[in-house]
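Please read the structure below before turning to the comments.
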Amino acid sequence: MGLIRVFERLYVKVYVVIVVLKEKVDVSMMTVHGDDSKVSRVEFESSQITTELYEYVHEAIAETPFYYISVLNNGMHQGAIPTCHRQEASQYADISLSKTLCIRGSYMLYSSKYELDLIEAMFQQFGVDFIFSPFTLLERLYSDKIASKAQLYVLLYDEYSAMMIFQQNALLFASFEHVDGGVTDTAFDDKEEEAVVFDLDEEHDEDGISIDDLDALDDLCDLEDLDAIHELDDFTDETPDFSLSDDTQTDDMQVIEPSMEDFGMSYQHFLVIQRCLERYYNSDTYRSEFIENIYIADANDSSDDLKRYLEEELFLNVVIRKVNMGDELLALSMEEVQHAL
């Protein structure tokens, strides 16, 4: 161990963290030599993941044996469950094809073996030392708060969101979501989610015309007076009504469906958070405690809109924390290396 410390003083140490997103790959790198350190960041297109990215990393690590490569796990088949006992895990998720890790004897992280193998294969040219769970990063960001009452913690980056509810250091609920085109896999619920369907035939205004009614118009010539067209309301002045009837609302909170102007990423993240809270409150699987506060680590710069949605629609107290994913993952990587030594 002492000999390793000696060599560490002679060589530069290089920490590389890689975050693979839908349309880009973010690479953050820290070089450390003695008390001096330097951080650099490069962004690659996804199509460049096998060329420029490899060359960039190889050049950075070529001159030192002390380099550490970390990748953030964005696989959709991952999660965290409030037990470390595999026999109890089935009530939360199917982990039969997953690798698991018990955290402090309190809760379990799991991730698809197949997706983890894909990450290792993707970067096999230089190897991967750490594959970080977004839940690990989220807990680290709020390690000073999870010992308090039940509160929701959220990490937002690109189209992904990781959510955890802690009470007195105990995990109550967690979910990992991808919001591109709606909610996909969740970390806890293997049951089929109820689909959101806009049924054009189900309801229409009294004075409106349903699609089926169009069959009755056999010929435009049946219209005796073409001037009657001017009596029609201007279609451009109509605003679609996406409000839900009372029988589609839960007992705990109102379901908010999107209006036409609200399909931005902030609103999509809001919908995901809302649905996860519904699942947390309404399922008998979880020990549901009332949530008043939500802490958001936001790497998307979506704070203003998202904060407004959560406060006005769900009546939550919202605390936003701006984060840089590269900086946070570099700090986590350095901590892991020091722990391993």
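How things are named: the first chain in the structure tokens is A, the next is B, and so on; residues count from 1 in each chain; ligands count from 1 in the order shown.
Residues in contact with Phe135 (chain A) at up to 8 Å, not including ones fewer than 5 positions away on its chain and judged by only C-alpha atoms, are Gly79, Ala80, Ala162, Met163 and Met164 of chain A.
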DSSP strand (DSSP E or B) selection over region 10-45 of chain A, as a PyMOL selection string: chain A and resi 13-20+24-33+36-45
Point-to-point distance in Å for CA of Leu137 (chain A) and CA of Asp327 (chain A):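 Spanning CA of Asp327 (chain A) to CA of Leu137 (chain A) is a straight-line distance of 11.3 Å.
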Separation of CA of Glu63 (chain A) from CA of Phe44 (chain A), in Å and rounded to one decimal: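 These atoms are spaced 22.9 Å apart.
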Residues within 10 Å of region 111-126 of chain A, only C-alpha atoms, excluding chain neighbours under 3 positions, as a PyMOL selection string: chain A and resi 18+20+49-50+53-54+57-58+61+67-69+71-80+95-101+129-131+133+187
Contacts of region 37-43 of chain A at 12 Å (only C-alpha atoms; same-chain gap of 6+ positions) as a PyMOL selection string: chain A and resi 12-21+23-31+49+52-53+56-57+60+324-327+330-331
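Of note, CA of Ala89 (chain A) and CA of Ser106 (chain A) are spaced 12.6 Å apart.
Every protein or nucleic acid residue with an atom no more than 7 Å from Tyr295 (chain A), counting only C-alpha atoms and leaving out same-chain residues fewer than 2 positions away, appears here: Leu152, Tyr153, Val154, Asn293, Ala297, Val318, Val319 and Ile320 of chain A.
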